[in-house]
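Asks: mmCIF, C-alpha atoms, saved as work33.cif, coming up:
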```cif
data_structure
loop_
_atom_site.label_atom_id
_atom_site.label_comp_id
_atom_site.auth_asym_id
_atom_site.auth_seq_id
_atom_site.Cartn_x
_atom_site.Cartn_y
_atom_site.Cartn_z
CA MET A 1 8.89 -10.89 -20.07
CA LEU A 2 6.54 -9.58 -17.43
CA ALA A 3 7.55 -9.27 -13.82
CA SER A 4 4.94 -9.14 -11.07
CA ALA A 5 7.24 -8.60 -8.13
CA LEU A 6 6.71 -5.54 -6.02
CA LEU A 7 10.06 -3.78 -6.27
CA LEU A 8 9.58 -0.89 -3.89
CA THR A 9 12.46 0.15 -1.64
CA GLY A 10 10.05 1.14 1.09
CA CYS A 11 6.37 1.02 1.81
CA SER A 12 4.12 3.92 1.13
CA SER A 13 2.05 5.32 3.89
CA GLY A 14 -1.43 6.59 3.29
CA GLN A 15 -3.21 6.40 -0.01
CA ASN A 16 -2.57 7.76 -3.47
CA ASP A 17 -5.54 9.37 -5.26
CA THR A 18 -4.62 7.65 -8.55
CA ASP A 19 -4.77 4.14 -7.08
CA GLN A 20 -7.63 1.78 -7.86
CA HIS A 21 -9.48 1.13 -4.58
CA PHE A 22 -11.31 -2.03 -3.60
CA SER A 23 -13.01 -3.52 -0.54
CA LEU A 24 -12.96 -6.88 1.22
CA GLY A 25 -14.52 -9.53 -1.02
CA ASP A 26 -14.03 -7.60 -4.28
CA THR A 27 -12.27 -9.39 -7.14
CA VAL A 28 -9.26 -7.44 -8.37
CA SER A 29 -8.05 -8.10 -11.94
CA THR A 30 -4.35 -7.44 -12.61
CA ALA A 31 -2.35 -8.02 -15.81
CA TRP A 32 -1.55 -11.60 -14.69
CA PHE A 33 -4.17 -12.82 -12.23
CA ASP A 34 -7.35 -12.07 -10.34
CA TYR A 35 -7.29 -11.96 -6.56
CA SER A 36 -9.62 -11.39 -3.68
CA VAL A 37 -9.27 -11.10 0.07
CA THR A 38 -11.84 -13.42 1.59
CA GLU A 39 -11.13 -12.68 5.25
CA VAL A 40 -8.93 -10.49 7.41
CA GLU A 41 -8.46 -10.82 11.16
CA SER A 42 -6.43 -9.29 13.94
CA THR A 43 -4.95 -11.60 16.58
CA GLN A 44 -2.07 -11.92 19.01
CA GLU A 45 -1.18 -15.48 17.86
CA TYR A 46 -1.49 -17.36 14.58
CA GLY A 47 -0.26 -20.87 13.85
CA GLY A 48 2.10 -20.79 16.83
CA TYR A 49 3.56 -17.37 15.99
CA ILE A 50 3.04 -14.83 18.80
CA SER A 51 3.16 -11.10 18.10
CA ALA A 52 5.78 -8.96 19.78
CA GLN A 53 4.86 -6.75 22.73
CA GLY A 54 2.90 -3.72 21.44
CA ASP A 55 2.14 -5.41 18.11
CA GLN A 56 -0.67 -7.46 16.64
CA LEU A 57 -0.84 -9.92 13.76
CA VAL A 58 -3.04 -9.10 10.80
CA VAL A 59 -3.88 -12.29 8.92
CA VAL A 60 -5.06 -11.77 5.33
CA GLU A 61 -6.73 -14.73 3.58
CA LEU A 62 -6.05 -14.40 -0.15
CA THR A 63 -7.29 -16.29 -3.22
CA LEU A 64 -5.43 -15.96 -6.54
CA LYS A 65 -6.44 -17.21 -10.00
CA SER A 66 -4.04 -16.95 -12.94
CA THR A 67 -5.41 -15.28 -16.07
CA TYR A 68 -2.05 -15.23 -17.90
CA PRO A 69 -1.04 -17.89 -20.48
CA GLN A 70 2.42 -18.40 -18.90
CA ALA A 71 3.58 -19.20 -15.37
CA VAL A 72 4.09 -16.10 -13.21
CA THR A 73 6.67 -16.02 -10.43
CA MET A 74 5.06 -14.66 -7.27
CA PHE A 75 6.49 -13.52 -3.94
CA ASP A 76 4.77 -13.04 -0.59
CA SER A 77 6.13 -9.48 -0.62
CA ASP A 78 4.11 -8.70 -3.78
CA PHE A 79 1.30 -7.79 -1.38
CA GLN A 80 2.08 -5.14 1.22
CA LEU A 81 0.13 -3.74 4.13
CA SER A 82 0.24 -0.08 5.11
CA TRP A 83 -1.57 2.30 7.43
CA ASP A 84 -1.94 6.06 7.57
CA SER A 85 0.59 6.82 10.33
CA MET A 86 3.41 4.51 9.23
CA SER A 87 6.83 5.89 8.37
CA GLN A 88 8.17 5.65 4.81
CA ASP A 89 10.92 3.15 5.77
CA ASP A 90 8.78 0.89 7.99
CA THR A 91 9.48 -2.76 7.12
CA GLN A 92 6.40 -4.05 8.98
CA CYS A 93 4.46 -3.75 5.73
CA MET A 94 6.06 -7.00 4.53
CA PRO A 95 4.65 -10.38 5.56
CA VAL A 96 6.42 -12.17 8.41
CA GLU A 97 8.83 -14.90 7.39
CA TYR A 98 7.18 -18.14 6.25
CA TYR A 99 6.57 -20.39 9.27
CA CYS A 100 3.35 -22.41 8.73
CA ASP A 101 1.60 -24.35 5.95
CA GLN A 102 -1.38 -21.96 5.77
CA GLN A 103 0.88 -19.13 4.55
CA LEU A 104 1.64 -18.46 0.92
CA PRO A 105 5.31 -19.38 0.35
CA THR A 106 8.01 -16.73 0.14
CA GLU A 107 8.31 -17.50 -3.61
CA TYR A 108 6.07 -19.64 -5.82
CA GLU A 109 4.92 -20.11 -9.41
CA LEU A 110 1.33 -19.40 -10.39
CA ALA A 111 0.74 -21.68 -13.39
CA PRO A 112 -1.66 -20.75 -16.21
CA ARG A 113 -5.30 -20.99 -14.98
CA GLU A 114 -4.08 -22.15 -11.54
CA SER A 115 -6.01 -21.10 -8.44
CA ARG A 116 -4.22 -20.83 -5.12
CA SER A 117 -5.32 -19.76 -1.65
CA GLY A 118 -3.37 -18.99 1.48
CA VAL A 119 -2.73 -16.40 4.12
CA LEU A 120 -0.24 -13.59 4.52
CA VAL A 121 0.63 -12.65 8.11
CA TYR A 122 1.78 -9.13 9.00
CA GLN A 123 3.06 -7.95 12.38
CA VAL A 124 1.90 -4.35 12.86
CA PRO A 125 1.46 -1.87 15.72
CA ASP A 126 -1.30 -2.76 18.17
CA ASP A 127 -2.85 0.70 17.95
CA GLN A 128 -3.77 0.42 14.25
CA SER A 129 -7.19 -0.78 13.10
CA THR A 130 -7.48 0.10 9.40
CA PHE A 131 -5.05 -0.87 6.67
CA GLN A 132 -4.38 -0.65 2.96
CA PHE A 133 -3.48 -3.94 1.24
CA THR A 134 -1.55 -3.09 -1.93
CA PHE A 135 -0.37 -4.83 -5.09
CA GLN A 136 1.72 -2.88 -7.63
CA GLU A 137 2.24 -4.14 -11.19
CA PHE A 138 5.76 -3.87 -12.61
CA PHE A 139 6.64 -4.77 -16.20
CA ASP A 140 10.10 -5.87 -17.29
CA ASP A 141 11.47 -3.10 -19.50
CA GLY A 142 15.16 -4.02 -19.28
CA THR A 143 15.84 -1.85 -16.23
CA GLN A 144 16.36 -3.10 -12.69
CA GLU A 145 13.28 -1.27 -11.42
CA GLY A 146 10.92 -2.19 -14.24
CA ARG A 147 8.10 -0.04 -15.57
CA PRO A 148 5.32 0.51 -13.03
CA GLY A 149 1.82 -0.45 -14.07
CA ASP A 150 -1.40 -0.18 -12.13
CA GLN A 151 -1.53 -0.15 -8.34
CA TYR A 152 -4.42 -1.84 -6.55
CA VAL A 153 -5.33 -0.84 -3.00
CA MET A 154 -7.83 -2.67 -0.82
CA ASP A 155 -9.05 -0.98 2.34
CA LEU A 156 -9.19 -3.53 5.17
CA THR A 157 -10.47 -3.42 8.74
CA PRO A 158 -9.61 -6.71 10.48
CA GLN A 159 -12.07 -8.52 12.70
CA ALA A 160 -10.71 -9.25 16.17
#
```
Re-express the file's structure as structure tokens.
Replies:
Amino acid sequence: MLASALLLTGCSSGQNDTDQHFSLGDTVSTAWFDYSVTEVESTQEYGGYISAQGDQLVVVELTLKSTYPQAVTMFDSDFQLSWDSMSQDDTQCMPVEYYCDQQLPTEYELAPRESRSGVLVYQVPDDQSTFQFTFQEFFDDGTQEGRPGDQYVMDLTPQA
């Protein structure tokens, strides 16, 4: 069985030269689905959630379309945000806890041929303006970690 969950213990900072790089609006094709980021914005408040002092919210609008013949279990943490100066153990790369209907749920099923749209909200340092939005494939190979597949990195600069 395939597993699409991002199983990293930490977030990577910077970019890896072997990653596949994309830009806002590009369609990215993974083993299980296609996705695109249709909009990205930086704000201090989204849906009633207010960023902490010294932080901003980066809101990523995402559209997914299943290309796999079976349902795929997805998690909001499958997509992570990083920036060049972040530390290896920084947990800000994960989306903030689910709090509004516009967000993709913490866990959900993507049925065969299903399309789904939503946002992921990240709380990040106020002094950052460019980000890498990353999805890493992992295949179930009987181990806890799984076998890594392709990694997809989208360079994003939010609009204020």
Asks: My list of candidates is A:Gln123, A:Thr106, A:Ser82, A:Thr43. Which is closest to Val153 (chain A) when distances are computed with only C-alpha atoms?
Replies: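 For Val153 (chain A), the nearest of the given residues is A:Ser82.
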Asks: So the first atom is CA of Asp155 (chain A) and the second is CA of Ser117 (chain A); what is the distance between them in Å, to one decimal place?
Replies: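 Between CA of Asp155 (chain A) and CA of Ser117 (chain A) the gap is 19.6 Å.
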Asks: Of the residues A:Gln80, A:Leu104, A:Gln70, A:Leu62, which is the one nearest to Gln151 (chain A), using all atoms listed in the file?
Replies: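 Going through A:Gln80, A:Leu104, A:Gln70, A:Leu62 one by one, the smallest distance to Gln151 (chain A) is for A:Gln80.
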Asks: Provide the CA of Leu120 (chain A) to CA of Phe79 (chain A) distance in Å, to one decimal place.
Replies: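 According to the coordinates, CA of Leu120 (chain A) and CA of Phe79 (chain A) are separated by 8.4 Å.
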Asks: Evaluate the PyMOL selection byres ((chain A and resi 112) around 12) and record the selected residues as a PyMOL selection string, following the chain and residue labels used in the document.
Replies: chain A and resi 32-34+64-73+109-111+113-116
Asks: Just so the selection is clear, what residues does the PyMOL selection byres ((chain A and resi 137) around 6) cover here, as a PyMOL selection string?
Replies: chain A and resi 4+136+138+148-150
Asks: Find the residue from A:Gln128, A:Ser85, A:Ser77, A:Ser51 that sits nearest to Tyr98 (chain A); use only C-alpha atoms when measuring.
Replies: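 Closest residue, counting only C-alpha atoms: A:Ser77.
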